[in-house]
Structure formats: C-alpha cells, structure tokens
Amino acid sequence: YLEAREFAAMESKVAAVEHELNVLRAALEDPATMSDAARLQDTCVRMEETQARVDKLYARWAELENKQG
C-alpha cells in the first residue's frame with residue numbers, strides 16, 4: 001500500500017525536482033552568476049546535487065513501476 005502511494009506521487013516529485021534543476025540551469029546562463037565565482041561554484045554544486053536527486057527519483061520510480069506490473 002505504501003509503495004502504491006509512493007508510486008502515485010512520484011511523477012509530481014520528479015516534476016518538482018526537475019523544475020528546480022531548470023531554475024539552476026537558467027541561473028548558470030545569467031551573466032551575474034557567470035561573473036561571480038562564488039555564486040557560480042555554489043550554483044554548480046547545487047545543480048550536481050539536484051541532478052543526483054532527479055536520477056535517484058527516476059531509479060526509484062522505475063523500481064516501483066516494475067513492482068506494479
């Protein structure tokens with residue numbers, strides 16, 4: 001039952017984290033970010049962490065989908 005609920009909510013979780021990733025990508029394209037080394041480094045680190053979260057969510061989603069079928 002818990003996995004079924006998790007599976008049902010997974011699409012919205014993935015969408016939220018992907019949105020966060022897109023915001024960070026846009027920040028990287030901002031000249032203000034590019035000209036500030038500390039801000040650039042922080043944005044890159046946050047992007048890597050967010051991408052790892054997206055990857056982990058997709059892996060879990062696939063795992064749950066296999067259990068459903």
# chains A, B, ... in the order shown; residues from 1 in each chain; ligands from 1

$ residues_around --residues "Tyr1 of chain A" --least-positions-apart "6" --cutoff "12 Å" --atoms "only C-alpha atoms" --output "list of chain:residue names"
A:Phe7, A:Ala8, A:Leu64, A:Lys67, A:Gln68

$ residues_around --residues "segment 27-38 of chain A" --least-positions-apart "6" --cutoff "10 Å" --atoms "only C-alpha atoms" --output "count of residues only"
3

$ closest_residue --among "A:Ala15, A:Met10, A:Glu20, A:Arg5" --to "Glu48 of chain A" --atoms "only C-alpha atoms"
A:Glu20

$ decode --residues "chain A" --atoms "C-alpha atoms" --output "compact mmCIF listing (two decimals), in the first residue's frame"
# COMPACT_ATOMS: atom_id res chain seq x y z
CA TYR A 1 0.00 0.00 0.00
CA LEU A 2 2.77 2.46 0.91
CA GLU A 3 4.64 1.73 -2.32
CA ALA A 4 1.45 2.26 -4.32
CA ARG A 5 1.02 5.68 -2.71
CA GLU A 6 4.69 6.48 -3.32
CA PHE A 7 4.33 5.43 -6.96
CA ALA A 8 1.23 7.63 -7.39
CA ALA A 9 3.11 10.68 -6.07
CA MET A 10 6.35 10.02 -7.93
CA GLU A 11 5.50 11.95 -11.10
CA SER A 12 4.84 15.16 -9.19
CA LYS A 13 8.01 14.70 -7.10
CA VAL A 14 10.10 14.25 -10.25
CA ALA A 15 8.48 17.27 -11.89
CA ALA A 16 9.22 19.46 -8.86
CA VAL A 17 12.89 18.48 -8.72
CA GLU A 18 13.26 18.83 -12.50
CA HIS A 19 11.79 22.33 -12.22
CA GLU A 20 14.39 23.14 -9.56
CA LEU A 21 17.09 21.84 -11.91
CA ASN A 22 15.80 24.05 -14.74
CA VAL A 23 15.88 27.09 -12.46
CA LEU A 24 19.52 26.32 -11.63
CA ARG A 25 20.37 25.87 -15.32
CA ALA A 26 18.85 29.27 -16.04
CA ALA A 27 20.91 30.75 -13.20
CA LEU A 28 24.05 29.38 -14.86
CA GLU A 29 23.17 31.27 -18.03
CA ASP A 30 22.77 34.52 -16.08
CA PRO A 31 25.74 36.85 -16.65
CA ALA A 32 25.58 37.88 -12.98
CA THR A 33 26.20 34.27 -11.97
CA MET A 34 28.93 33.78 -14.54
CA SER A 35 30.83 36.83 -13.30
CA ASP A 36 30.66 35.86 -9.61
CA ALA A 37 33.00 32.93 -8.90
CA ALA A 38 31.48 32.04 -5.53
CA ARG A 39 27.94 32.19 -6.89
CA LEU A 40 28.94 30.15 -9.93
CA GLN A 41 30.55 27.46 -7.79
CA ASP A 42 27.54 27.33 -5.44
CA THR A 43 25.15 27.04 -8.38
CA CYS A 44 27.22 24.24 -9.94
CA VAL A 45 27.31 22.30 -6.68
CA ARG A 46 23.57 22.73 -6.20
CA MET A 47 23.00 21.62 -9.79
CA GLU A 48 25.03 18.44 -9.26
CA GLU A 49 23.13 17.66 -6.06
CA THR A 50 19.78 18.31 -7.73
CA GLN A 51 20.71 16.16 -10.74
CA ALA A 52 21.62 13.34 -8.35
CA ARG A 53 18.20 13.69 -6.71
CA VAL A 54 16.49 13.52 -10.13
CA ASP A 55 18.49 10.42 -11.04
CA LYS A 56 17.63 8.78 -7.72
CA LEU A 57 13.92 9.57 -8.13
CA TYR A 58 13.86 8.12 -11.65
CA ALA A 59 15.57 4.95 -10.42
CA ARG A 60 13.05 4.59 -7.60
CA TRP A 61 10.19 5.28 -9.99
CA ALA A 62 11.40 2.51 -12.31
CA GLU A 63 11.74 0.17 -9.34
CA LEU A 64 8.18 0.90 -8.21
CA GLU A 65 6.86 0.57 -11.76
CA ASN A 66 8.41 -2.91 -12.04
CA LYS A 67 6.71 -3.93 -8.81
CA GLN A 68 3.35 -2.66 -10.10
CA GLY A 69 3.47 -4.80 -13.21
